[in-house]
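Student: What follows is data-v4.tsv; its format and atoms are TSV, C-alpha atoms and all ligand atoms.
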chain	number	residue	atom	x	y	z
A	1	MET	CA	48.22	20.89	-19.66
A	2	ALA	CA	48.41	24.47	-18.37
A	3	PHE	CA	47.54	25.64	-21.85
A	4	ASN	CA	44.59	23.24	-22.01
A	5	LEU	CA	43.24	24.47	-18.67
A	6	ALA	CA	43.57	28.12	-19.65
A	7	PHE	CA	41.90	27.35	-22.98
A	8	LEU	CA	39.09	25.44	-21.29
A	9	SER	CA	38.41	28.15	-18.73
A	10	SER	CA	38.29	30.87	-21.38
A	11	ILE	CA	35.78	28.76	-23.36
A	12	LEU	CA	33.71	28.39	-20.18
A	13	ILE	CA	33.83	32.14	-19.52
A	14	ILE	CA	32.67	32.85	-23.09
A	15	LEU	CA	29.91	30.22	-22.85
A	16	SER	CA	28.66	31.49	-19.50
A	17	ALA	CA	28.44	35.03	-20.84
A	18	PHE	CA	25.96	33.90	-23.50
A	19	SER	CA	23.98	31.11	-21.87
A	20	PRO	CA	21.06	31.62	-19.48
A	21	VAL	CA	21.75	31.19	-15.78
A	22	ILE	CA	21.19	27.57	-14.89
A	23	THR	CA	20.86	27.01	-11.18
A	24	ALA	CA	21.92	23.50	-10.36
A	25	LEU	CA	20.47	22.38	-7.06
A	26	SER	CA	22.37	20.06	-4.76
A	27	SER	CA	21.68	18.15	-1.57
A	28	ASN	CA	24.83	19.43	0.15
A	29	TYR	CA	24.42	23.07	-0.91
A	30	TYR	CA	24.51	24.46	2.67
A	31	ASP	CA	26.85	21.87	4.21
A	32	LYS	CA	29.56	24.48	4.78
A	33	SER	CA	27.61	27.76	4.76
A	34	CYS	CA	24.69	26.75	7.00
A	35	PRO	CA	25.10	23.23	8.35
A	36	ASN	CA	22.16	23.51	10.81
A	37	VAL	CA	19.53	24.69	8.36
A	38	GLU	CA	17.73	21.34	8.03
A	39	GLN	CA	17.51	20.92	11.81
A	40	ILE	CA	16.24	24.46	12.32
A	41	VAL	CA	13.49	24.12	9.71
A	42	SER	CA	12.46	20.68	10.95
A	43	ASN	CA	12.18	21.96	14.53
A	44	ALA	CA	10.12	24.96	13.44
A	45	VAL	CA	7.67	22.68	11.59
A	46	LYS	CA	7.53	20.27	14.53
A	47	LYS	CA	6.80	23.03	17.03
A	48	ALA	CA	4.04	24.58	14.90
A	49	ALA	CA	2.44	21.21	14.08
A	50	ALA	CA	2.35	20.30	17.77
A	51	ASN	CA	0.19	23.38	18.38
A	52	ASP	CA	-1.89	23.11	15.22
A	53	ARG	CA	-2.42	19.84	13.36
A	54	THR	CA	-3.44	21.64	10.16
A	55	VAL	CA	0.07	23.06	9.66
A	56	PRO	CA	1.69	20.20	7.65
A	57	ALA	CA	-1.06	20.17	4.99
A	58	ALA	CA	-0.81	23.95	4.69
A	59	LEU	CA	2.96	23.84	4.12
A	60	LEU	CA	2.76	21.11	1.49
A	61	ARG	CA	0.11	23.01	-0.49
A	62	MET	CA	2.04	26.28	-0.09
A	63	HIS	CA	5.12	24.73	-1.71
A	64	PHE	CA	3.05	23.34	-4.61
A	65	HIS	CA	1.44	26.75	-5.21
A	66	ASP	CA	4.86	28.37	-5.05
A	67	CYS	CA	6.41	26.02	-7.61
A	68	PHE	CA	3.56	26.32	-10.11
A	69	ILE	CA	3.89	30.12	-10.42
A	70	ARG	CA	7.31	31.37	-11.60
A	71	GLY	CA	8.99	28.23	-10.25
A	72	CYS	CA	9.84	27.48	-6.61
A	73	ASP	CA	11.03	31.02	-5.86
A	74	ALA	CA	9.04	31.87	-2.71
A	75	SER	CA	6.91	34.30	-4.76
A	76	VAL	CA	3.94	32.92	-2.80
A	77	LEU	CA	5.43	34.30	0.42
A	78	LEU	CA	5.65	37.96	-0.66
A	79	ASN	CA	3.14	40.43	0.77
A	80	SER	CA	1.06	42.72	-1.41
A	81	LYS	CA	2.61	46.17	-1.53
A	82	GLY	CA	1.16	49.48	-2.72
A	83	SER	CA	-0.93	48.78	-5.80
A	84	ASN	CA	0.66	45.37	-6.37
A	85	GLN	CA	-1.54	42.50	-5.25
A	86	ALA	CA	0.74	39.56	-4.55
A	87	GLU	CA	0.06	35.84	-5.26
A	88	LYS	CA	-0.91	35.40	-1.62
A	89	ASP	CA	-3.98	37.51	-2.24
A	90	GLY	CA	-5.03	35.72	-5.43
A	91	PRO	CA	-8.30	33.71	-5.09
A	92	PRO	CA	-6.81	30.18	-4.91
A	93	ASN	CA	-4.33	31.31	-2.25
A	94	ILE	CA	-6.75	32.98	0.17
A	95	SER	CA	-7.06	29.64	1.95
A	96	LEU	CA	-3.28	29.17	2.29
A	97	HIS	CA	-2.16	29.55	5.87
A	98	ALA	CA	0.73	28.93	8.30
A	99	PHE	CA	3.01	31.50	6.66
A	100	TYR	CA	4.26	32.27	10.17
A	101	VAL	CA	6.02	28.89	10.26
A	102	ILE	CA	8.29	29.94	7.40
A	103	ASP	CA	8.85	33.36	9.06
A	104	ASN	CA	9.90	31.68	12.31
A	105	ALA	CA	12.22	29.26	10.55
A	106	LYS	CA	13.76	32.08	8.49
A	107	LYS	CA	14.35	34.19	11.63
A	108	GLN	CA	16.25	31.35	13.26
A	109	VAL	CA	18.18	30.50	10.10
A	110	GLU	CA	19.20	34.16	9.73
A	111	ALA	CA	20.44	34.21	13.34
A	112	SER	CA	22.63	31.20	12.59
A	113	CYS	CA	23.82	32.04	9.04
A	114	PRO	CA	22.71	35.48	7.84
A	115	GLY	CA	21.99	36.11	4.17
A	116	VAL	CA	22.72	32.58	3.01
A	117	VAL	CA	19.56	30.46	2.85
A	118	SER	CA	16.74	31.36	0.46
A	119	CYS	CA	13.09	31.42	1.54
A	120	ALA	CA	12.35	29.11	-1.40
A	121	ASP	CA	14.70	26.47	0.08
A	122	ILE	CA	13.17	26.91	3.53
A	123	LEU	CA	9.70	26.30	2.06
A	124	ALA	CA	10.89	23.23	0.12
A	125	LEU	CA	12.44	21.81	3.30
A	126	ALA	CA	9.33	22.62	5.33
A	127	ALA	CA	7.11	20.81	2.79
A	128	ARG	CA	9.34	17.72	3.02
A	129	ASP	CA	9.30	17.92	6.84
A	130	ALA	CA	5.50	18.26	6.77
A	131	VAL	CA	5.28	14.95	4.88
A	132	VAL	CA	7.81	13.19	7.13
A	133	GLN	CA	6.16	14.42	10.31
A	134	SER	CA	2.79	13.16	9.03
A	135	GLY	CA	4.20	9.64	8.74
A	136	GLY	CA	5.15	9.92	5.06
A	137	PRO	CA	8.44	9.19	3.29
A	138	ASN	CA	11.71	11.06	3.79
A	139	TRP	CA	14.05	12.29	1.06
A	140	ASP	CA	17.05	14.53	0.47
A	141	VAL	CA	15.86	17.93	-0.70
A	142	PRO	CA	18.10	19.44	-3.40
A	143	LYS	CA	18.85	23.05	-2.39
A	144	GLY	CA	20.24	26.25	-3.87
A	145	ARG	CA	17.00	27.89	-5.07
A	146	LYS	CA	16.89	31.66	-5.26
A	147	ASP	CA	14.00	33.92	-4.23
A	148	GLY	CA	12.04	35.86	-6.84
A	149	ARG	CA	11.30	39.57	-6.89
A	150	THR	CA	7.90	39.41	-8.60
A	151	SER	CA	4.57	38.19	-7.25
A	152	LYS	CA	1.25	38.96	-8.94
A	153	ALA	CA	-2.18	37.85	-7.78
A	154	THR	CA	-3.41	37.64	-11.39
A	155	GLU	CA	-0.88	34.89	-12.15
A	156	THR	CA	-2.58	32.55	-9.67
A	157	ARG	CA	-5.10	31.98	-12.48
A	158	GLN	CA	-2.43	29.61	-13.82
A	159	LEU	CA	-2.94	27.23	-10.91
A	160	PRO	CA	-4.98	24.13	-11.74
A	161	ALA	CA	-8.61	24.41	-10.55
A	162	PRO	CA	-10.53	21.66	-8.73
A	163	THR	CA	-13.05	21.69	-11.60
A	164	PHE	CA	-10.38	20.75	-14.19
A	165	ASN	CA	-10.79	17.69	-16.41
A	166	ILE	CA	-7.91	15.38	-17.25
A	167	SER	CA	-6.75	17.24	-20.35
A	168	GLN	CA	-6.66	20.56	-18.48
A	169	LEU	CA	-4.72	18.90	-15.65
A	170	GLN	CA	-2.34	17.24	-18.10
A	171	GLN	CA	-1.70	20.56	-19.84
A	172	SER	CA	-1.11	22.42	-16.57
A	173	PHE	CA	1.44	19.84	-15.45
A	174	SER	CA	3.17	19.35	-18.81
A	175	GLN	CA	3.70	23.11	-19.15
A	176	ARG	CA	5.91	22.74	-16.09
A	177	GLY	CA	7.73	19.66	-17.33
A	178	LEU	CA	5.61	17.29	-15.26
A	179	SER	CA	4.13	14.06	-16.64
A	180	LEU	CA	0.86	12.19	-16.09
A	181	ASN	CA	2.80	10.03	-13.66
A	182	ASP	CA	3.74	13.16	-11.70
A	183	LEU	CA	0.13	14.40	-11.84
A	184	VAL	CA	-1.24	11.22	-10.25
A	185	ALA	CA	1.57	10.86	-7.70
A	186	LEU	CA	1.46	14.52	-6.60
A	187	SER	CA	-2.33	14.53	-6.39
A	188	GLY	CA	-1.67	12.07	-3.56
A	189	GLY	CA	-0.82	15.19	-1.53
A	190	HIS	CA	-4.61	15.23	-1.03
A	191	THR	CA	-4.11	12.57	1.61
A	192	LEU	CA	-3.54	15.54	3.96
A	193	GLY	CA	-5.72	18.47	4.88
A	194	PHE	CA	-9.05	20.11	4.43
A	195	SER	CA	-11.18	21.66	1.72
A	196	HIS	CA	-13.79	24.39	1.91
A	197	CYS	CA	-17.24	23.75	0.41
A	198	SER	CA	-16.57	26.17	-2.45
A	199	SER	CA	-13.91	23.84	-3.89
A	200	PHE	CA	-16.34	20.96	-4.50
A	201	GLN	CA	-19.72	22.69	-4.69
A	202	ASN	CA	-19.81	22.16	-8.48
A	203	ARG	CA	-20.23	18.42	-7.78
A	204	ILE	CA	-23.06	18.62	-5.26
A	205	HIS	CA	-25.34	21.43	-6.52
A	206	ASN	CA	-26.45	22.00	-10.14
A	207	PHE	CA	-23.78	19.64	-11.47
A	208	ASN	CA	-25.14	19.69	-15.04
A	209	ALA	CA	-28.36	19.88	-17.04
A	210	THR	CA	-29.42	16.36	-16.11
A	211	HIS	CA	-27.87	15.80	-12.68
A	212	ASP	CA	-27.94	17.93	-9.56
A	213	VAL	CA	-25.16	15.79	-8.10
A	214	ASP	CA	-22.13	14.38	-9.93
A	215	PRO	CA	-23.18	10.77	-10.63
A	216	SER	CA	-19.60	9.59	-10.11
A	217	LEU	CA	-19.90	10.49	-6.39
A	218	GLN	CA	-20.88	7.61	-4.13
A	219	PRO	CA	-24.50	8.48	-3.09
A	220	SER	CA	-24.20	8.46	0.71
A	221	PHE	CA	-20.90	10.37	0.49
A	222	ALA	CA	-22.59	12.95	-1.75
A	223	ALA	CA	-25.46	13.22	0.73
A	224	SER	CA	-23.08	13.91	3.60
A	225	LEU	CA	-21.25	16.58	1.57
A	226	LYS	CA	-24.60	18.23	0.74
A	227	ASN	CA	-25.49	18.16	4.39
A	228	THR	CA	-22.22	19.87	5.35
A	229	CYS	CA	-22.46	22.31	2.45
A	230	PRO	CA	-26.09	23.30	1.85
A	231	ILE	CA	-26.59	25.60	-1.11
A	232	ASN	CA	-27.71	28.44	1.21
A	233	ASN	CA	-26.91	29.28	4.83
A	234	ARG	CA	-23.57	27.58	4.68
A	235	PRO	CA	-21.38	28.18	7.76
A	236	LYS	CA	-18.35	30.29	6.78
A	237	ASN	CA	-15.59	27.76	7.34
A	238	ALA	CA	-17.57	24.67	6.40
A	239	GLY	CA	-15.94	21.92	4.41
A	240	ALA	CA	-14.59	18.41	4.56
A	241	THR	CA	-11.30	16.72	5.30
A	242	MET	CA	-9.54	15.34	2.23
A	243	ASP	CA	-9.66	11.86	3.67
A	244	PRO	CA	-10.68	10.40	7.06
A	245	SER	CA	-7.00	10.12	8.06
A	246	SER	CA	-6.27	13.69	7.03
A	247	THR	CA	-3.24	14.19	9.27
A	248	THR	CA	-1.60	10.92	8.19
A	249	PHE	CA	0.33	10.70	4.94
A	250	ASP	CA	-0.83	7.41	3.39
A	251	ASN	CA	-2.46	6.01	0.21
A	252	THR	CA	-6.08	6.25	1.45
A	253	TYR	CA	-6.73	9.06	-1.07
A	254	PHE	CA	-6.35	6.63	-3.99
A	255	LYS	CA	-8.67	4.06	-2.39
A	256	LEU	CA	-11.28	6.79	-1.95
A	257	ILE	CA	-11.08	7.82	-5.61
A	258	LEU	CA	-11.92	4.25	-6.61
A	259	GLN	CA	-14.92	4.34	-4.23
A	260	GLY	CA	-16.33	7.62	-5.61
A	261	LYS	CA	-15.37	9.42	-2.40
A	262	SER	CA	-12.85	11.99	-3.59
A	263	LEU	CA	-13.73	15.66	-3.11
A	264	PHE	CA	-12.78	17.36	-6.36
A	265	SER	CA	-13.66	16.84	-10.02
A	266	SER	CA	-9.88	16.98	-10.57
A	267	ASP	CA	-9.41	13.97	-8.24
A	268	GLN	CA	-12.17	11.98	-9.95
A	269	ALA	CA	-10.70	12.97	-13.35
A	270	LEU	CA	-7.67	10.78	-12.64
A	271	LEU	CA	-9.89	7.82	-13.59
A	272	SER	CA	-10.66	9.15	-17.05
A	273	LEU	CA	-7.59	7.93	-18.93
A	274	PRO	CA	-6.46	4.29	-18.86
A	275	LYS	CA	-2.92	5.36	-17.95
A	276	THR	CA	-3.91	7.51	-14.99
A	277	LYS	CA	-6.59	5.05	-13.87
A	278	ASN	CA	-3.97	2.29	-13.79
A	279	LEU	CA	-1.73	4.48	-11.66
A	280	VAL	CA	-4.58	5.26	-9.23
A	281	THR	CA	-5.25	1.52	-8.91
A	282	LYS	CA	-1.55	0.77	-8.45
A	283	PHE	CA	-1.15	3.43	-5.72
A	284	ALA	CA	-4.38	2.30	-4.01
A	285	THR	CA	-3.02	-1.24	-3.90
A	286	SER	CA	0.56	-0.48	-2.94
A	287	LYS	CA	1.44	2.23	-0.44
A	288	GLU	CA	5.14	1.65	-1.23
A	289	ALA	CA	4.60	2.27	-4.95
A	290	PHE	CA	2.81	5.54	-4.10
A	291	LEU	CA	5.46	6.74	-1.65
A	292	ASP	CA	8.28	6.03	-4.14
A	293	ALA	CA	6.47	7.84	-6.93
A	294	PHE	CA	5.55	10.76	-4.66
A	295	VAL	CA	9.17	11.31	-3.63
A	296	ASN	CA	10.37	11.25	-7.25
A	297	SER	CA	7.70	13.69	-8.36
A	298	MET	CA	8.21	16.03	-5.41
A	299	ILE	CA	11.91	16.29	-6.25
A	300	LYS	CA	10.96	17.04	-9.87
A	301	MET	CA	8.34	19.65	-8.97
A	302	SER	CA	10.52	21.33	-6.37
A	303	SER	CA	13.39	21.62	-8.85
A	304	ILE	CA	11.51	24.08	-11.05
A	305	THR	CA	13.62	27.12	-10.20
A	306	GLY	CA	13.13	30.79	-10.98
A	307	GLY	CA	14.47	33.33	-8.45
A	308	GLN	CA	17.37	35.78	-8.35
A	309	GLU	CA	18.25	36.67	-4.75
A	310	VAL	CA	18.38	35.43	-1.16
A	311	ARG	CA	15.71	37.45	0.57
A	312	LYS	CA	16.35	38.80	4.08
A	313	ASP	CA	12.67	38.76	4.99
A	314	CYS	CA	10.47	36.17	3.26
A	315	ARG	CA	7.59	38.64	2.94
A	316	ILE	CA	9.57	41.49	1.30
A	317	VAL	CA	12.01	41.69	-1.62
A	318	ASN	CA	15.53	42.93	-0.73
B	401	LIG	C1	-3.68	18.39	-9.49
B	401	LIG	C2	-4.14	19.59	-9.31
B	401	LIG	C3	-4.59	20.11	-7.98
B	401	LIG	C4	-5.76	20.77	-7.74
B	401	LIG	C5	-6.81	21.14	-8.77
B	401	LIG	C6	-5.81	21.06	-6.33
B	401	LIG	C7	-6.82	21.75	-5.69
B	401	LIG	C8	-6.94	21.90	-4.33
B	401	LIG	C9	-8.04	22.55	-3.67
B	401	LIG	C10	-9.21	23.24	-4.37
B	401	LIG	C11	-7.84	22.46	-2.33
B	401	LIG	C12	-8.78	22.94	-1.22
B	401	LIG	C13	-8.61	24.40	-0.92
B	401	LIG	C14	-9.67	24.86	0.05
B	401	LIG	O1	-10.85	24.75	-0.28
B	401	LIG	O2	-9.31	25.33	1.13
B	401	LIG	C15	-6.61	21.73	-2.14
B	401	LIG	C16	-6.07	21.43	-0.93
B	401	LIG	C17	-4.85	20.82	-0.76
B	401	LIG	N1	-3.97	20.47	-1.76
B	401	LIG	FE1	-4.36	20.46	-3.73
B	401	LIG	N2	-4.69	20.56	-5.74
B	401	LIG	C18	-3.91	19.97	-6.71
B	401	LIG	C19	-2.68	19.40	-6.53
B	401	LIG	C20	-2.01	19.35	-5.33
B	401	LIG	C21	-0.63	18.97	-5.17
B	401	LIG	C22	0.31	18.66	-6.32
B	401	LIG	C23	-0.36	19.01	-3.85
B	401	LIG	C24	0.93	18.71	-3.14
B	401	LIG	C25	1.81	17.84	-3.55
B	401	LIG	C26	-1.58	19.41	-3.18
B	401	LIG	C27	-1.73	19.51	-1.82
B	401	LIG	C28	-2.86	19.94	-1.17
B	401	LIG	C29	-3.04	19.91	0.27
B	401	LIG	C30	-2.05	19.36	1.28
B	401	LIG	C31	-4.29	20.48	0.53
B	401	LIG	C32	-4.92	20.73	1.90
B	401	LIG	C33	-4.52	22.12	2.36
B	401	LIG	C34	-4.93	22.46	3.78
B	401	LIG	O3	-5.53	21.67	4.47
B	401	LIG	O4	-4.60	23.59	4.20
B	401	LIG	N3	-2.54	19.63	-4.10
B	401	LIG	N4	-6.08	21.42	-3.38
Would you encode the structure as structure tokens?

Tutor:
Amino acid sequence: MAFNLAFLSSILIILSAFSPVITALSSNYYDKSCPNVEQIVSNAVKKAAANDRTVPAALLRMHFHDCFIRGCDASVLLNSKGSNQAEKDGPPNISLHAFYVIDNAKKQVEASCPGVVSCADILALAARDAVVQSGGPNWDVPKGRKDGRTSKATETRQLPAPTFNISQLQQSFSQRGLSLNDLVALSGGHTLGFSHCSSFQNRIHNFNATHDVDPSLQPSFAASLKNTCPINNRPKNAGATMDPSSTTFDNTYFKLILQGKSLFSSDQALLSLPKTKNLVTKFATSKEAFLDAFVNSMIKMSSITGGQEVRKDCRIVN
């Protein structure tokens, strides 16, 4: 037996020397090293959301943008430094906000258990809390992510654009190990939050050679978007909420897609394949089916890892 154990451990040592580092995440990762982390993060999100109702949507989108570039490694939280423009300053991320919520949570976590909890885990927890505190489902967040040391604005080009068609969306998700099922379920994140006019202007002005307005938009909805977002003289922060209940996590988004009242071409595109259209219909009909699928897909997306260290300050590499 002793021989077998010694043999086995030497095999493991040899194997680990040659295989890439695989970070296995686990729900109880901080149970001993930082037992209060979940409470601290949840309180920080609660406090910020009480002052500003746009915070939960911002945190959910921030986590998605983090995971899609170099994995969920908090690369989205790093500040630009010297000549390096960080992801934060890439065009799709200019509208991200509420970074201070993660800073506040990190400060309190560091006071309780210094050098233990990654910024990437704090962001994953905050995104879950944002959903829960908006009336959405709860789930155990697997933890143990590490923070990355690289963040480049140019890489934000890899984020899916609101003008994408279904094959572009499918490719963007499948490159990250995510399926069409995940694409439809995660797009349900658009039940929360706000969009600026620039993100849907392609649908309401000069849509194509024959139509000024995307014909798949419901006409009175299109008219109200045009009214909010005229082609000239548009107020700086003009835009529209993603759905009328934009601070409540529910399945309204899917009902709106079926009515031609979604904001982005990428939302409307979910009707262009039978498989994705069936999922939209299923989620519009059953809130439970959507919530179940959303939780599964969030766990999948937030398990794309990539970092190397536990940052001391979420804005700066160690
Ligand atoms: C499928 C591809 C996706 C595209 C093309 C896309 C695109 C966008 C765009 C253009 C905005 C508006 C930005 C602005 O004008 O300020 C937005 C907002 C938002 N997105 Fe997505 N998104 C996608 C997937 C997701 C996913 C997977 C999630 C989360 C699970 C998500 C969560 C959000 C949230 C919560 C907002 C509102 C943010 C706020 O109010 O601050 N999106 N998205």

Student: In Å to one decimal, how far is atom CA of A:Ser303 from atom C8 of ligand LIG 401 (chain B)?

Tutor: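 Atom CA of A:Ser303 lies at a distance of 20.8 Å from atom C8 of ligand LIG 401 (chain B).
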
Student: If you count only C-alpha atoms and all ligand atoms, which residues end up within 7 Å of ligand LIG 401 (chain B), as a PyMOL selection string?

Tutor: chain A and resi 54+57-58+60-61+64+95-97+160-164+169+183+186-190+192-199+266+298

Student: Just the residues within 12 Å of A:Ala24, please, counting only C-alpha atoms, with nothing from its chain fewer than 4 positions along; format it as a compact mmCIF listing (two decimals) with C-alpha atoms, keeping the file's coordinate frame.

Tutor:
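result-v1.txt was written with the following content:
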# COMPACT_ATOMS: atom_id res chain seq x y z
CA ASN A 28 24.83 19.43 0.15
CA TYR A 29 24.42 23.07 -0.91
CA PRO A 142 18.10 19.44 -3.40
CA LYS A 143 18.85 23.05 -2.39
CA GLY A 144 20.24 26.25 -3.87
CA ARG A 145 17.00 27.89 -5.07
CA LYS A 146 16.89 31.66 -5.26
CA SER A 303 13.39 21.62 -8.85
CA ILE A 304 11.51 24.08 -11.05
CA THR A 305 13.62 27.12 -10.20
CA GLY A 306 13.13 30.79 -10.98

Student: Env of A:Gly260: 9 Å cut, atoms = all atoms listed in the file, seq-sep filter 5 positions within chain, self excluded. Answer as a list in words.

Tutor: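 Skipping anything fewer than 5 positions along the chain leaves Ser216, Leu217, Gln218, Pro219, Phe221 and Gln268 of chain A.
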
Student: Could the residues in this selection be written to a file with C-alpha atoms, as a PDB file, in the frame of the given file?

Tutor:
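That gives us again_29.pdb:
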ATOM      1  CA  SER A 216     -19.600   9.590 -10.110  1.00  0.00           C
ATOM      2  CA  LEU A 217     -19.900  10.490  -6.390  1.00  0.00           C
ATOM      3  CA  GLN A 218     -20.880   7.610  -4.130  1.00  0.00           C
ATOM      4  CA  PRO A 219     -24.500   8.480  -3.090  1.00  0.00           C
ATOM      5  CA  PHE A 221     -20.900  10.370   0.490  1.00  0.00           C
ATOM      6  CA  GLN A 268     -12.170  11.980  -9.950  1.00  0.00           C
TER       7      GLN A 268
END

Student: Which value, in Å to one decimal, gives the distance between atom CA of A:Val132 and atom CA of A:Phe264?

Tutor: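 Computing the Euclidean distance for atom CA of A:Val132 and atom CA of A:Phe264 yields 25.0 Å.
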
Student: Show me the residues close to (-5.0, 8.0, 7.8) - anything with an atom within 12 Å, counting all atoms listed in the file - and format the list as a PyMOL selection string.

Tutor: chain A and resi 134-136+190-193+241-256+287

Student: Atom CA of A:Gly148 to atom CA of A:Asp313: how many Å, to one decimal?

Tutor: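 Pair atom CA of A:Gly148 / atom CA of A:Asp313 returns 12.2 Å.
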
Student: For A:Gln133, which residue out of A:Ile257, A:Ala44, A:Leu159, A:Ile204 is the nearest one, using all atoms listed in the file?

Tutor: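 When distances to A:Gln133 are compared using all atoms listed in the file, the smallest one comes from A:Ala44.
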
Student: Between A:Ile299, A:Leu78, A:Ala86, A:Cys113, which one has atoms that come closest to A:Pro35, using only C-alpha atoms?

Tutor: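 Closest residue, counting only C-alpha atoms: A:Cys113.
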
Student: With distances taken over all atoms listed in the file, which residue among A:Gln175, A:Ser27, A:Ser272, A:Asn36 lies nearest A:Asp140?

Tutor: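 Going through A:Gln175, A:Ser27, A:Ser272, A:Asn36 one by one, the smallest distance to A:Asp140 is for A:Ser27.
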